[in-house]
Each structure stands twice: as C-alpha cells, then as structure tokens.
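**Q** My file is query_1.tsv. It has TSV, C-alpha atoms and all ligand atoms:
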```tsv
chain	number	residue	atom	x	y	z
A	1	MET	CA	-67.49	74.87	-65.47
A	2	THR	CA	-68.66	71.42	-64.44
A	3	LYS	CA	-70.78	70.80	-61.32
A	4	CYS	CA	-70.12	67.37	-59.82
A	5	LEU	CA	-71.81	65.15	-57.26
A	6	VAL	CA	-69.69	62.46	-55.57
A	7	ILE	CA	-71.80	59.64	-54.08
A	8	GLY	CA	-69.87	57.71	-51.44
A	9	ALA	CA	-67.55	60.66	-50.83
A	10	CYS	CA	-66.44	59.51	-47.36
A	11	GLY	CA	-65.06	56.18	-48.58
A	12	GLN	CA	-61.47	55.28	-49.43
A	13	LEU	CA	-61.65	56.43	-53.07
A	14	GLY	CA	-64.39	59.03	-52.48
A	15	THR	CA	-62.29	61.03	-50.01
A	16	GLU	CA	-59.35	61.36	-52.38
A	17	LEU	CA	-61.38	61.76	-55.57
A	18	THR	CA	-63.44	64.56	-53.96
A	19	ALA	CA	-60.20	66.35	-53.00
A	20	GLY	CA	-58.80	65.86	-56.53
A	21	LEU	CA	-61.99	67.16	-58.17
A	22	ARG	CA	-62.14	70.15	-55.81
A	23	SER	CA	-58.58	71.19	-56.55
A	24	LYS	CA	-59.38	71.03	-60.27
A	25	TYR	CA	-62.90	72.47	-60.45
A	26	GLY	CA	-63.18	74.48	-57.21
A	27	ILE	CA	-64.59	73.55	-53.80
A	28	ASN	CA	-68.13	74.75	-54.45
A	29	ASN	CA	-68.40	72.92	-57.78
A	30	VAL	CA	-68.00	69.52	-56.14
A	31	ILE	CA	-70.83	68.37	-53.86
A	32	ALA	CA	-69.75	65.51	-51.60
A	33	SER	CA	-72.44	63.10	-50.42
A	34	ASP	CA	-72.63	59.97	-48.32
A	35	ILE	CA	-75.10	58.08	-46.17
A	36	HIS	CA	-73.29	59.34	-43.03
A	37	PRO	CA	-71.57	62.68	-42.36
A	38	PRO	CA	-67.76	62.70	-42.68
A	39	GLU	CA	-65.68	61.71	-39.65
A	40	GLY	CA	-64.70	64.93	-37.91
A	41	GLY	CA	-67.81	66.70	-39.23
A	42	VAL	CA	-68.64	68.70	-42.34
A	43	LYS	CA	-65.87	71.24	-43.11
A	44	ASP	CA	-66.20	74.40	-45.21
A	45	ALA	CA	-67.33	72.55	-48.32
A	46	PRO	CA	-70.70	71.43	-49.71
A	47	PHE	CA	-71.90	68.10	-48.32
A	48	GLU	CA	-75.26	66.32	-48.52
A	49	ILE	CA	-76.49	63.25	-46.66
A	50	LEU	CA	-77.70	60.88	-49.38
A	51	ASP	CA	-78.95	57.31	-49.41
A	52	ALA	CA	-78.23	56.37	-53.04
A	53	MET	CA	-81.01	53.74	-52.89
A	54	ASN	CA	-83.54	56.61	-52.66
A	55	PHE	CA	-84.22	57.86	-56.20
A	56	ASP	CA	-86.24	60.92	-55.13
A	57	ALA	CA	-83.56	62.09	-52.69
A	58	LEU	CA	-80.89	61.66	-55.39
A	59	LYS	CA	-82.99	63.56	-57.93
A	60	SER	CA	-83.67	66.45	-55.60
A	61	ILE	CA	-79.96	66.90	-54.74
A	62	VAL	CA	-79.02	66.75	-58.44
A	63	GLU	CA	-81.67	69.37	-59.29
A	64	MET	CA	-80.93	71.61	-56.32
A	65	HIS	CA	-77.21	71.84	-57.17
A	66	GLN	CA	-77.67	71.73	-60.97
A	67	ILE	CA	-75.33	68.74	-61.19
A	68	ASP	CA	-73.99	67.77	-64.63
A	69	THR	CA	-71.58	64.99	-63.60
A	70	ILE	CA	-72.12	62.20	-61.07
A	71	TYR	CA	-69.32	60.05	-59.66
A	72	HIS	CA	-71.21	57.12	-58.13
A	73	LEU	CA	-68.77	55.27	-55.86
A	74	ALA	CA	-71.04	53.85	-53.13
A	75	ALA	CA	-70.84	50.03	-53.03
A	76	ILE	CA	-70.39	47.04	-50.76
A	77	LEU	CA	-67.01	45.46	-51.64
A	78	SER	CA	-65.95	41.85	-52.16
A	79	ALA	CA	-65.23	40.56	-48.65
A	80	LYS	CA	-68.07	42.40	-46.91
A	81	GLY	CA	-70.49	41.45	-49.68
A	82	GLU	CA	-70.02	37.75	-48.90
A	83	GLN	CA	-71.32	38.37	-45.36
A	84	ASN	CA	-74.66	39.68	-46.63
A	85	PRO	CA	-75.13	38.86	-50.35
A	86	PRO	CA	-78.75	40.13	-50.65
A	87	LEU	CA	-77.78	43.52	-49.19
A	88	ALA	CA	-74.68	43.81	-51.40
A	89	TRP	CA	-76.73	42.99	-54.51
A	90	SER	CA	-79.52	45.34	-53.60
A	91	LEU	CA	-77.29	48.32	-52.70
A	92	ASN	CA	-74.89	47.89	-55.62
A	93	MET	CA	-77.61	47.42	-58.25
A	94	THR	CA	-80.38	49.74	-57.01
A	95	SER	CA	-78.04	52.68	-56.54
A	96	LEU	CA	-76.51	52.22	-60.01
A	97	LEU	CA	-79.93	51.92	-61.67
A	98	ASN	CA	-81.09	55.05	-59.83
A	99	VAL	CA	-78.18	57.04	-61.24
A	100	LEU	CA	-78.64	55.58	-64.75
A	101	ASN	CA	-82.39	56.30	-64.70
A	102	LEU	CA	-81.73	59.89	-63.68
A	103	ALA	CA	-79.33	60.29	-66.61
A	104	LYS	CA	-81.89	58.64	-68.90
A	105	GLU	CA	-84.38	61.39	-67.92
A	106	ASN	CA	-81.71	64.06	-68.39
A	107	ASN	CA	-79.09	63.09	-70.99
A	108	SER	CA	-76.90	66.09	-70.17
A	109	ILE	CA	-75.81	64.32	-66.95
A	110	LYS	CA	-72.55	62.41	-67.35
A	111	ILE	CA	-71.81	59.44	-65.06
A	112	PHE	CA	-68.70	57.76	-63.70
A	113	TRP	CA	-69.26	54.35	-62.13
A	114	PRO	CA	-66.40	52.09	-60.99
A	115	SER	CA	-66.13	48.46	-61.91
A	116	SER	CA	-63.40	46.18	-60.58
A	117	ILE	CA	-61.06	43.27	-61.31
A	118	ALA	CA	-63.72	41.34	-59.33
A	119	VAL	CA	-65.67	40.93	-62.61
A	120	PHE	CA	-63.16	38.21	-63.49
A	121	GLY	CA	-63.35	34.68	-62.10
A	122	PRO	CA	-61.64	31.30	-61.78
A	123	THR	CA	-61.59	30.44	-65.50
A	124	THR	CA	-60.59	33.91	-66.70
A	125	PRO	CA	-57.01	33.98	-68.13
A	126	LYS	CA	-54.83	34.86	-65.11
A	127	ASP	CA	-51.91	36.71	-66.69
A	128	ASN	CA	-52.28	39.91	-68.62
A	129	THR	CA	-56.05	39.40	-68.49
A	130	PRO	CA	-57.53	40.79	-71.73
A	131	GLN	CA	-60.25	43.45	-71.96
A	132	ASP	CA	-62.64	40.88	-73.43
A	133	CYS	CA	-62.48	37.32	-72.17
A	134	ILE	CA	-64.36	34.79	-70.01
A	135	MET	CA	-65.90	36.54	-67.01
A	136	ASP	CA	-67.26	34.19	-64.37
A	137	PRO	CA	-67.16	36.10	-61.05
A	138	ASN	CA	-68.00	34.01	-57.98
A	139	THR	CA	-68.56	36.78	-55.41
A	140	VAL	CA	-71.77	38.78	-55.12
A	141	TYR	CA	-69.68	41.94	-55.50
A	142	GLY	CA	-68.15	40.63	-58.74
A	143	ILE	CA	-71.55	39.53	-60.05
A	144	SER	CA	-73.00	42.98	-59.26
A	145	LYS	CA	-70.08	44.70	-61.03
A	146	LEU	CA	-70.43	42.50	-64.12
A	147	ALA	CA	-74.20	43.07	-64.24
A	148	GLY	CA	-73.55	46.79	-63.66
A	149	GLU	CA	-71.17	46.91	-66.63
A	150	ARG	CA	-73.88	45.38	-68.84
A	151	TRP	CA	-76.42	47.91	-67.57
A	152	CYS	CA	-74.01	50.78	-68.33
A	153	GLN	CA	-73.62	49.59	-71.91
A	154	TYR	CA	-77.38	49.03	-72.22
A	155	TYR	CA	-78.23	52.56	-71.02
A	156	HIS	CA	-75.57	54.02	-73.32
A	157	GLU	CA	-76.84	52.16	-76.40
A	158	LYS	CA	-80.61	52.40	-75.77
A	159	TYR	CA	-80.90	55.80	-74.10
A	160	GLY	CA	-77.69	57.66	-75.04
A	161	VAL	CA	-76.47	57.89	-71.43
A	162	ASP	CA	-72.83	59.03	-71.29
A	163	VAL	CA	-71.61	56.62	-68.62
A	164	ARG	CA	-67.90	55.83	-68.31
A	165	SER	CA	-66.16	53.22	-66.19
A	166	VAL	CA	-62.85	51.58	-65.29
A	167	ARG	CA	-62.14	48.24	-63.62
A	168	TYR	CA	-60.05	49.27	-60.62
A	169	PRO	CA	-57.46	46.92	-59.18
A	170	GLY	CA	-56.80	47.04	-55.40
A	171	LEU	CA	-56.39	50.71	-54.40
A	172	ILE	CA	-53.79	51.87	-51.88
A	173	GLY	CA	-53.98	55.31	-50.29
A	174	SER	CA	-53.17	57.02	-47.01
A	175	LYS	CA	-56.13	59.33	-46.38
A	176	THR	CA	-58.96	56.90	-45.53
A	177	LEU	CA	-58.98	53.21	-44.66
A	178	PRO	CA	-60.58	50.87	-47.17
A	179	GLY	CA	-63.62	48.94	-45.97
A	180	GLY	CA	-64.51	45.36	-46.73
A	181	GLY	CA	-62.24	44.53	-49.68
A	182	THR	CA	-59.96	41.57	-50.39
A	183	THR	CA	-57.05	43.86	-51.30
A	184	ASP	CA	-57.29	45.82	-48.01
A	185	TYR	CA	-54.24	44.01	-46.58
A	186	ALA	CA	-52.02	46.26	-48.72
A	187	VAL	CA	-53.18	49.28	-46.69
A	188	ASP	CA	-53.57	47.61	-43.27
A	189	ILE	CA	-49.93	46.45	-43.27
A	190	PHE	CA	-48.63	50.05	-43.27
A	191	TYR	CA	-50.58	50.96	-40.12
A	192	LYS	CA	-49.39	47.88	-38.23
A	193	VAL	CA	-45.70	48.25	-39.07
A	194	LEU	CA	-45.75	51.97	-38.25
A	195	GLN	CA	-47.37	51.11	-34.91
A	196	GLY	CA	-44.42	48.77	-34.29
A	197	GLU	CA	-46.71	45.72	-34.34
A	198	GLN	CA	-46.47	42.44	-36.21
A	199	TYR	CA	-48.88	42.29	-39.17
A	200	GLU	CA	-50.95	39.12	-39.62
A	201	CYS	CA	-51.80	38.97	-43.32
A	202	PHE	CA	-55.14	37.39	-44.31
A	203	LEU	CA	-53.77	36.42	-47.75
A	204	ALA	CA	-50.96	33.95	-48.53
A	205	GLU	CA	-47.45	35.31	-49.03
A	206	ASP	CA	-47.36	34.38	-52.75
A	207	CYS	CA	-50.84	35.67	-53.64
A	208	ILE	CA	-50.22	38.07	-56.51
A	209	LEU	CA	-52.87	40.71	-57.25
A	210	PRO	CA	-53.13	43.82	-59.43
A	211	MET	CA	-52.79	47.04	-57.36
A	212	MET	CA	-52.65	50.81	-57.84
A	213	TYR	CA	-51.65	53.86	-55.81
A	214	MET	CA	-54.56	56.21	-55.15
A	215	ASP	CA	-53.13	59.21	-57.03
A	216	ASP	CA	-53.05	57.10	-60.19
A	217	ALA	CA	-56.65	55.98	-59.59
A	218	VAL	CA	-57.83	59.58	-59.12
A	219	GLU	CA	-55.92	60.67	-62.23
A	220	ALA	CA	-57.46	57.82	-64.29
A	221	THR	CA	-60.95	58.73	-63.10
A	222	ILE	CA	-60.71	62.43	-63.91
A	223	HIS	CA	-58.90	61.63	-67.16
A	224	ILE	CA	-61.59	59.27	-68.54
A	225	MET	CA	-64.31	61.76	-67.60
A	226	GLU	CA	-62.52	64.60	-69.39
A	227	ALA	CA	-61.77	62.56	-72.52
A	228	ASP	CA	-63.62	63.48	-75.76
A	229	LYS	CA	-66.76	61.40	-76.16
A	230	PRO	CA	-65.65	59.67	-79.41
A	231	SER	CA	-62.45	58.41	-77.72
A	232	ILE	CA	-64.50	56.33	-75.26
A	233	LYS	CA	-64.95	53.12	-77.22
A	234	VAL	CA	-65.68	50.72	-74.35
A	235	ARG	CA	-69.04	51.35	-72.69
A	236	THR	CA	-68.95	48.42	-70.28
A	237	SER	CA	-65.74	49.22	-68.37
A	238	TYR	CA	-62.06	49.63	-69.23
A	239	ASN	CA	-59.35	47.33	-67.86
A	240	LEU	CA	-56.99	49.53	-65.82
A	241	SER	CA	-53.61	48.49	-64.49
A	242	ALA	CA	-50.49	49.75	-62.75
A	243	ILE	CA	-48.51	47.16	-60.74
A	244	SER	CA	-48.89	43.60	-59.45
A	245	PHE	CA	-47.27	42.24	-56.29
A	246	THR	CA	-47.60	39.63	-53.55
A	247	PRO	CA	-47.82	40.32	-49.79
A	248	ALA	CA	-44.23	39.01	-49.46
A	249	GLU	CA	-42.96	41.44	-52.11
A	250	LEU	CA	-44.75	44.36	-50.46
A	251	TYR	CA	-43.33	43.35	-47.08
A	252	GLN	CA	-39.77	43.17	-48.51
A	253	GLU	CA	-40.11	46.68	-49.93
A	254	ILE	CA	-41.41	48.03	-46.58
A	255	LYS	CA	-38.59	46.25	-44.76
A	256	LYS	CA	-36.03	48.22	-46.77
A	257	GLN	CA	-37.22	51.30	-44.89
A	258	ILE	CA	-38.41	49.69	-41.64
A	259	PRO	CA	-36.01	46.77	-41.04
A	260	GLU	CA	-37.82	45.73	-37.83
A	261	ALA	CA	-41.18	45.24	-39.67
A	262	LYS	CA	-42.66	41.76	-39.02
A	263	ILE	CA	-45.33	39.77	-40.88
A	264	THR	CA	-47.09	36.41	-40.45
A	265	TYR	CA	-49.54	34.77	-42.84
A	266	ASN	CA	-52.92	33.36	-41.86
A	267	PRO	CA	-55.09	33.15	-45.01
A	268	ASP	CA	-58.86	33.23	-44.38
A	269	TYR	CA	-61.99	33.18	-46.60
A	270	ARG	CA	-60.62	36.16	-48.53
A	271	GLN	CA	-57.90	33.91	-50.00
A	272	ASN	CA	-60.54	32.08	-52.08
A	273	ILE	CA	-61.76	35.40	-53.44
A	274	ALA	CA	-58.18	36.46	-54.30
A	275	ASN	CA	-57.54	33.08	-55.97
A	276	SER	CA	-60.36	33.77	-58.42
A	277	TRP	CA	-58.90	37.14	-59.54
A	278	PRO	CA	-56.22	37.88	-62.17
A	279	ASN	CA	-52.48	38.20	-61.48
A	280	SER	CA	-52.08	41.05	-63.93
A	281	ILE	CA	-54.23	43.04	-66.34
A	282	ASP	CA	-53.86	44.10	-69.98
A	283	ASP	CA	-55.07	47.70	-70.08
A	284	SER	CA	-53.85	48.55	-73.58
A	285	ASN	CA	-57.35	49.71	-74.66
A	286	ALA	CA	-57.41	52.43	-71.98
A	287	ARG	CA	-53.85	53.47	-72.88
A	288	LYS	CA	-54.71	53.63	-76.60
A	289	ASP	CA	-58.23	55.12	-76.47
A	290	TRP	CA	-57.84	57.90	-73.89
A	291	GLY	CA	-54.15	58.03	-73.06
A	292	TRP	CA	-54.07	56.34	-69.64
A	293	LYS	CA	-50.66	55.83	-68.02
A	294	HIS	CA	-49.70	55.10	-64.44
A	295	THR	CA	-46.86	56.80	-62.59
A	296	PHE	CA	-46.44	54.86	-59.31
A	297	ASP	CA	-44.38	51.67	-59.08
A	298	MET	CA	-44.16	49.65	-55.86
A	299	LYS	CA	-41.05	51.46	-54.58
A	300	LYS	CA	-42.58	54.92	-54.99
A	301	LEU	CA	-45.89	53.71	-53.51
A	302	VAL	CA	-44.17	52.38	-50.37
A	303	GLU	CA	-42.11	55.56	-49.92
A	304	VAL	CA	-45.16	57.82	-50.18
A	305	MET	CA	-47.37	55.63	-47.97
A	306	LEU	CA	-44.77	55.50	-45.21
A	307	SER	CA	-44.02	59.21	-45.31
A	308	GLU	CA	-47.73	60.19	-45.32
A	309	LEU	CA	-48.80	57.71	-42.67
A	310	GLU	CA	-45.91	58.19	-40.23
A	311	PRO	CA	-47.20	61.48	-38.71
A	312	LYS	CA	-50.81	60.23	-38.86
A	313	VAL	CA	-50.04	57.02	-36.97
A	314	ALA	CA	-47.84	58.91	-34.46
A	315	SER	CA	-50.79	61.14	-33.54
A	316	MET	CA	-53.30	58.27	-33.23
B	1	LIG	C1	-61.96	44.61	-53.20
B	1	LIG	O1	-60.95	44.06	-52.76
B	1	LIG	O2	-63.12	44.17	-53.05
B	1	LIG	C2	-61.78	45.87	-54.01
B	1	LIG	C3	-61.74	45.61	-55.47
B	1	LIG	C4	-60.56	44.95	-56.07
B	1	LIG	O3	-62.65	45.96	-56.16
B	1	LIG	N1	-60.59	46.55	-53.58
```
Translate this structure into structure tokens?
Ligand code: AKB

**A**
Amino acid sequence: MTKCLVIGACGQLGTELTAGLRSKYGINNVIASDIHPPEGGVKDAPFEILDAMNFDALKSIVEMHQIDTIYHLAAILSAKGEQNPPLAWSLNMTSLLNVLNLAKENNSIKIFWPSSIAVFGPTTPKDNTPQDCIMDPNTVYGISKLAGERWCQYYHEKYGVDVRSVRYPGLIGSKTLPGGGTTDYAVDIFYKVLQGEQYECFLAEDCILPMMYMDDAVEATIHIMEADKPSIKVRTSYNLSAISFTPAELYQEIKKQIPEAKITYNPDYRQNIANSWPNSIDDSNARKDWGWKHTFDMKKLVEVMLSELEPKVASM
C-alpha cells in the first residue's frame, strides 16, 4: 500500500486530490501538509504544517511517515505571481528542487508535480497546441513551470527520479476557491450568480481558454501516478485537455439554469496573461501513452457546480 504526502493540501486542487487519494488508499495513508492549518481546523486525518522551501522539514516529515509518493502542489499562480515575481520564482523553484533532491537521495520516492498551460506563450500555436512546440511564457509563473519541467526531465535522466507531470488547464471545482490564477473567473462566477449578484468578469467575453472540471483533474493525477513506468514517455510534462470555452459561453450555460444571472466585462491585467495562452490543447500523447480521457463537458460541469454550490452559498 502506498504512503503519500500532499504538499499544498489546503489549496484548490490539494483539497480535492487529498480527498480522492484518501478514498482510494485510506485516510491514514495520505498525509496532508500545508504552510497553514486547514480552514476549520485539522479533522480526524493526518496533517503536518510544512514550509516546502525548508528541505530539512520536508525530509523529516517524509522519513517520519515513511512516504513513498509525494504530490507537490504548492505554487504561486499566474496572476498573483506577477505581483511579486521574485517570491513566485523562489517559492516555485526552491520547493520543486527540494522535492527532486529528496527523491535523488532516495530513488524509491515517486513524485507528482503539476505544470500548466502557462508554459506556452504568445508565439505558441494557439489551436490544438501540440505537446512539443515553441514555448515562450511571459509570466513568472509560466517561466517557473517551464524551468520546472526541464528540471524534472533532468532529474529523471541523470538521477533516475520517477517524476511525473501534467500541464493542467484552468481547474473548476466547488470545494475550495482558487487563489491567484487567470482562470479563476470560471469559479468566481458561480458564487456571484448564486448570491443573486451581477458578476463582473476580469476577462473579455470572447477570451477562450482550456478548462477542466476538478474530478477529471484528480482522475488524471491519480491515473498518471498509477500508470506502469514504461508507459510514461514524456518526462517534462504531458499536455492535458478537456474543454475550451469563453466567459460568454459559460455565462450562457449558467443562464439556462439561472435565467436571472447577470454578467459585465471589465478586462484587467489578467487579460494580457490569458491572451498569451492557447485556445485549445492537443493531449493525444497522454491519451495514447497512459489512457487519459475526460468525462466532463461544459453542460455537466455547470450542472454539478450549481448543485454543489447552491447549499454552500445558501449557508454562507
Ligand atoms: C492560473 O490561471 O494561473 C492557473 C493555471 C492555468 O495554471 N489556473
């Protein structure tokens, strides 16, 4: 039985990945960790406070719990990263190198580390963006993810580290709010319309971006980590895709269920970031190599988000 450590377990993806791992491997086999305790306190499940920039603290938690698999999710995302580039670079790179160096010392530790569509940039092909193409990210987050991908491949080739990665699109889930991303509008809008308020979107109505429902993201993550080693042929990071839509298309789908929903558009600095990212992604390598497939289209995503968030928003 595997023993996992999730770093960044209180974040948007961390919360739902930790739950998914616990239902698969058992509560006590999944150690959640974050720099702060979870909102609402630590429940009946293992949790450690961890600053992923501190190598010794990381090492001692890994040894204490006899961890064999690390899911390293802690990062500063695209929009927030632009407010403090040195901090974003330092957190994103130091924490990744700490985890890679630990696995270099102990090759039996397997690592998952997320990359992002932010590795692409203004001269990357926009439609059906290939696995291998021009990558010229112009955000510090994107630069750190591209450098991180190269480090993952380097540690795999030079030191035999079994590190696996996917390039997530924008992730949409109901359990925890995202923090500091350019795709966050696609979660924020649900809260506003359910509160009966007009939503002011920070991206333009026709800004198309690749997106994914959280259950698909969790499934992809567990799936790539469970795949046989020889089937993992990409050691930088796999393109991963589900759906692409614009704010106007998402709004129209929400309006089918909440006819009184209202939206206005007021693009800010995040529009420039979105403009540099792909419209859609070619993830045929992931589908071929380890059998990835998504299950949520936009209609299903909107139905689930509204039904899960309705009681939550009502009790806020
Ligand atoms: C962001 O918007 O920064 C993230 C991402 C696409 O990696 N959601």

**Q** Of the residues A:Glu205, A:Asp283, A:Asp184, A:Glu253, which is the one nearest to ligand LIG 1 (chain B), using only C-alpha atoms and all ligand atoms?

**A** A:Asp184

**Q** Give, as JSON, the centre coordinates and the x, y and z edge lengths in Å to one decimal for an axis-aligned box around all listed atoms of ligand LIG 1 (chain B), padded by 3 Å on each side.

**A**
```
{"center_x": -61.8, "center_y": 45.3, "center_z": -54.5, "size_x": 8.6, "size_y": 8.5, "size_z": 9.4}
```

**Q** List the spatial neighbours of Ile232 in chain A as an NGL selection string - criterion: any atom at most 9 Å away, all atoms listed in the file, same-chain residues fewer than 3 positions off excluded.

**A** :A and (164 or 224 or 227-229 or 235 or 286 or 289-290)

**Q** Grab the atom O3 of ligand LIG 1 (chain B) to CA of Thr15 in chain A distance for me, in Å with one decimal place.

**A**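 Rounded to one decimal, the two atoms are 16.3 Å apart.
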
**Q** I'd like a table as a Markdown table: residues in chain A with an atom no more than 9 Å from ligand LIG 1 (chain B), each row giving the shortest atom pair and its distance in Å to one decimal, only C-alpha atoms and all ligand atoms counted, sorted by chain and rising residue number.

**A**
```
| residue | atom | partner | partner_atom | distance |
| --- | --- | --- | --- | --- |
| A:Ile76 | CA | B:LIG1 | O2 | 8.1 |
| A:Leu77 | CA | B:LIG1 | O2 | 4.3 |
| A:Ser78 | CA | B:LIG1 | O2 | 3.8 |
| A:Ala79 | CA | B:LIG1 | O2 | 6.1 |
| A:Lys80 | CA | B:LIG1 | O2 | 8.1 |
| A:Gly81 | CA | B:LIG1 | O2 | 8.5 |
| A:Pro114 | CA | B:LIG1 | O3 | 8.7 |
| A:Ser115 | CA | B:LIG1 | O3 | 7.2 |
| A:Ser116 | CA | B:LIG1 | O3 | 4.5 |
| A:Ile117 | CA | B:LIG1 | C4 | 5.5 |
| A:Ala118 | CA | B:LIG1 | O3 | 5.7 |
| A:Val119 | CA | B:LIG1 | O3 | 8.7 |
| A:Tyr141 | CA | B:LIG1 | O2 | 7.3 |
| A:Gly142 | CA | B:LIG1 | O3 | 8.1 |
| A:Lys145 | CA | B:LIG1 | O3 | 9.0 |
| A:Arg167 | CA | B:LIG1 | O3 | 7.8 |
| A:Tyr168 | CA | B:LIG1 | O3 | 6.1 |
| A:Pro169 | CA | B:LIG1 | C4 | 4.8 |
| A:Gly170 | CA | B:LIG1 | N1 | 4.2 |
| A:Leu171 | CA | B:LIG1 | N1 | 6.0 |
| A:Ile172 | CA | B:LIG1 | N1 | 8.8 |
| A:Pro178 | CA | B:LIG1 | N1 | 7.7 |
| A:Gly179 | CA | B:LIG1 | N1 | 8.5 |
| A:Gly180 | CA | B:LIG1 | O2 | 6.6 |
| A:Gly181 | CA | B:LIG1 | O1 | 3.4 |
| A:Thr182 | CA | B:LIG1 | O1 | 3.6 |
| A:Thr183 | CA | B:LIG1 | O1 | 4.2 |
| A:Asp184 | CA | B:LIG1 | O1 | 6.2 |
| A:Leu209 | CA | B:LIG1 | C4 | 8.9 |
| A:Pro210 | CA | B:LIG1 | C4 | 8.2 |
| A:Met211 | CA | B:LIG1 | C4 | 8.1 |
| A:Arg270 | CA | B:LIG1 | O1 | 9.0 |
| A:Ile273 | CA | B:LIG1 | O1 | 8.7 |
| A:Ala274 | CA | B:LIG1 | O1 | 8.2 |
| A:Trp277 | CA | B:LIG1 | C4 | 8.7 |
```

**Q** Up to 7 Å from (-77.8, 59.3, -72.5) in the file's coordinates: name the residues, counting all atoms listed in the file, as a list of chain:residue names.

**A**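 Result, sorted by chain then residue number: A:Ala103, A:Lys104, A:Asn107, A:Tyr155, A:His156, A:Tyr159, A:Gly160, A:Val161, A:Asp162.
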
**Q** Enter the distance from CA of Asp216 in chain A to CA of Ser95 in chain A, in Å, rounded to one decimal.

**A** 25.6 Å

**Q** Can you measure CA of Lys110 in chain A to CA of Ile143 in chain A for me? One decimal in Å is fine.

**A**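 CA of Lys110 in chain A sits 24.0 Å away from CA of Ile143 in chain A.
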
**Q** Using all atoms listed in the file, which of the listed residues (A:Cys207, A:Leu194, A:Leu91, A:Ile222) sits closest to Ser165 in chain A?

**A** A:Ile222

**Q** Choose the residue, out of A:Phe55, A:Trp89, A:Tyr238, A:Tyr25, that has the smallest atom-to-atom separation from Thr69 in chain A; count only C-alpha atoms.

**A**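 Answer, going by the shortest atom-to-atom distance: A:Tyr25.
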
**Q** As a compact mmCIF listing (two decimals) with C-alpha atoms, keeping the file's coordinate frame, please: the residues near Val30 in chain A (cut-off 10 Å, only C-alpha atoms, same-chain neighbours under 4 positions excluded).

**A**
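File written: selection_39.txt
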```txt
# COMPACT_ATOMS: atom_id res chain seq x y z
CA THR A 2 -68.66 71.42 -64.44
CA LYS A 3 -70.78 70.80 -61.32
CA CYS A 4 -70.12 67.37 -59.82
CA LEU A 5 -71.81 65.15 -57.26
CA VAL A 6 -69.69 62.46 -55.57
CA THR A 18 -63.44 64.56 -53.96
CA ALA A 19 -60.20 66.35 -53.00
CA GLY A 20 -58.80 65.86 -56.53
CA LEU A 21 -61.99 67.16 -58.17
CA ARG A 22 -62.14 70.15 -55.81
CA SER A 23 -58.58 71.19 -56.55
CA LYS A 24 -59.38 71.03 -60.27
CA TYR A 25 -62.90 72.47 -60.45
CA GLY A 26 -63.18 74.48 -57.21
CA ALA A 45 -67.33 72.55 -48.32
CA PRO A 46 -70.70 71.43 -49.71
CA PHE A 47 -71.90 68.10 -48.32
CA HIS A 65 -77.21 71.84 -57.17
CA ILE A 67 -75.33 68.74 -61.19
CA THR A 69 -71.58 64.99 -63.60
CA ILE A 70 -72.12 62.20 -61.07
```

**Q** I'd like to know which of A:Leu58, A:Cys133, A:Val166, A:Ala75 is closest to Leu102 in chain A, using only C-alpha atoms.

**A**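 The shortest atom-to-atom distance to Leu102 in chain A comes from A:Leu58.
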
**Q** Neighbourhood query: residues within 12 Å of (-40.7, 43.5, -49.1), file coordinates, counting all atoms listed in the file; return as a compact mmCIF listing (two decimals) with C-alpha atoms, keeping the file's coordinate frame.

**A**
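Saved result, out_3.txt, follows:
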```txt
# COMPACT_ATOMS: atom_id res chain seq x y z
CA ALA A 186 -52.02 46.26 -48.72
CA ILE A 189 -49.93 46.45 -43.27
CA PHE A 190 -48.63 50.05 -43.27
CA GLU A 205 -47.45 35.31 -49.03
CA ASP A 206 -47.36 34.38 -52.75
CA PHE A 245 -47.27 42.24 -56.29
CA THR A 246 -47.60 39.63 -53.55
CA PRO A 247 -47.82 40.32 -49.79
CA ALA A 248 -44.23 39.01 -49.46
CA GLU A 249 -42.96 41.44 -52.11
CA LEU A 250 -44.75 44.36 -50.46
CA TYR A 251 -43.33 43.35 -47.08
CA GLN A 252 -39.77 43.17 -48.51
CA GLU A 253 -40.11 46.68 -49.93
CA ILE A 254 -41.41 48.03 -46.58
CA LYS A 255 -38.59 46.25 -44.76
CA LYS A 256 -36.03 48.22 -46.77
CA GLN A 257 -37.22 51.30 -44.89
CA ILE A 258 -38.41 49.69 -41.64
CA PRO A 259 -36.01 46.77 -41.04
CA GLU A 260 -37.82 45.73 -37.83
CA ALA A 261 -41.18 45.24 -39.67
CA LYS A 262 -42.66 41.76 -39.02
CA ILE A 263 -45.33 39.77 -40.88
CA MET A 298 -44.16 49.65 -55.86
CA LYS A 299 -41.05 51.46 -54.58
CA VAL A 302 -44.17 52.38 -50.37
```

**Q** Identify which of the residues A:Ser307, A:Tyr269, A:Ala52, A:Lys233 lies closest to Gln153 in chain A, counting all atoms listed in the file when measuring atom-to-atom distances.

**A**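 Of all the options, A:Lys233 lies closest to Gln153 in chain A.
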
**Q** If we count only C-alpha atoms and set the cut-off at 8 Å, which residues sit around Asn275 in chain A, ignoring sequence neighbours fewer than 3 positions away in its own chain? Please answer as a VMD selection string.

**A** chain A and resid 122 207 271 to 272 278

**Q** So which one's closest to Asn266 in chain A, A:Ala217, A:Leu240, A:Met212, A:Ala204? Using all atoms listed in the file, please.

**A**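 Nearest to Asn266 in chain A: A:Ala204.
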
**Q** Mind filling out range 289-295 of chain A with N, CA, C and O atoms and sending it as an mmCIF file, in the coordinates of the input?

**A**
```
data_model
loop_
_atom_site.group_PDB
_atom_site.id
_atom_site.type_symbol
_atom_site.label_atom_id
_atom_site.label_comp_id
_atom_site.auth_asym_id
_atom_site.auth_seq_id
_atom_site.Cartn_x
_atom_site.Cartn_y
_atom_site.Cartn_z
ATOM 1 N N ASP A 289 -57.029 54.316 -76.183
ATOM 2 C CA ASP A 289 -58.230 55.120 -76.470
ATOM 3 C C ASP A 289 -58.199 56.502 -75.820
ATOM 4 O O ASP A 289 -58.596 57.488 -76.421
ATOM 5 N N TRP A 290 -57.778 56.575 -74.538
ATOM 6 C CA TRP A 290 -57.840 57.900 -73.890
ATOM 7 C C TRP A 290 -56.566 58.269 -73.132
ATOM 8 O O TRP A 290 -56.552 59.182 -72.305
ATOM 9 N N GLY A 291 -55.469 57.574 -73.505
ATOM 10 C CA GLY A 291 -54.150 58.030 -73.060
ATOM 11 C C GLY A 291 -53.790 57.744 -71.621
ATOM 12 O O GLY A 291 -52.970 58.440 -71.022
ATOM 13 N N TRP A 292 -54.387 56.674 -71.035
ATOM 14 C CA TRP A 292 -54.070 56.340 -69.640
ATOM 15 C C TRP A 292 -52.618 55.916 -69.478
ATOM 16 O O TRP A 292 -52.078 55.157 -70.295
ATOM 17 N N LYS A 293 -51.933 56.436 -68.440
ATOM 18 C CA LYS A 293 -50.660 55.830 -68.020
ATOM 19 C C LYS A 293 -50.505 56.015 -66.512
ATOM 20 O O LYS A 293 -50.909 57.044 -65.961
ATOM 21 N N HIS A 294 -49.914 54.997 -65.889
ATOM 22 C CA HIS A 294 -49.700 55.100 -64.440
ATOM 23 C C HIS A 294 -48.332 55.693 -64.159
ATOM 24 O O HIS A 294 -47.443 55.669 -65.019
ATOM 25 N N THR A 295 -48.155 56.203 -62.916
ATOM 26 C CA THR A 295 -46.860 56.800 -62.590
ATOM 27 C C THR A 295 -46.216 56.177 -61.345
ATOM 28 O O THR A 295 -45.047 56.405 -61.094
#
```
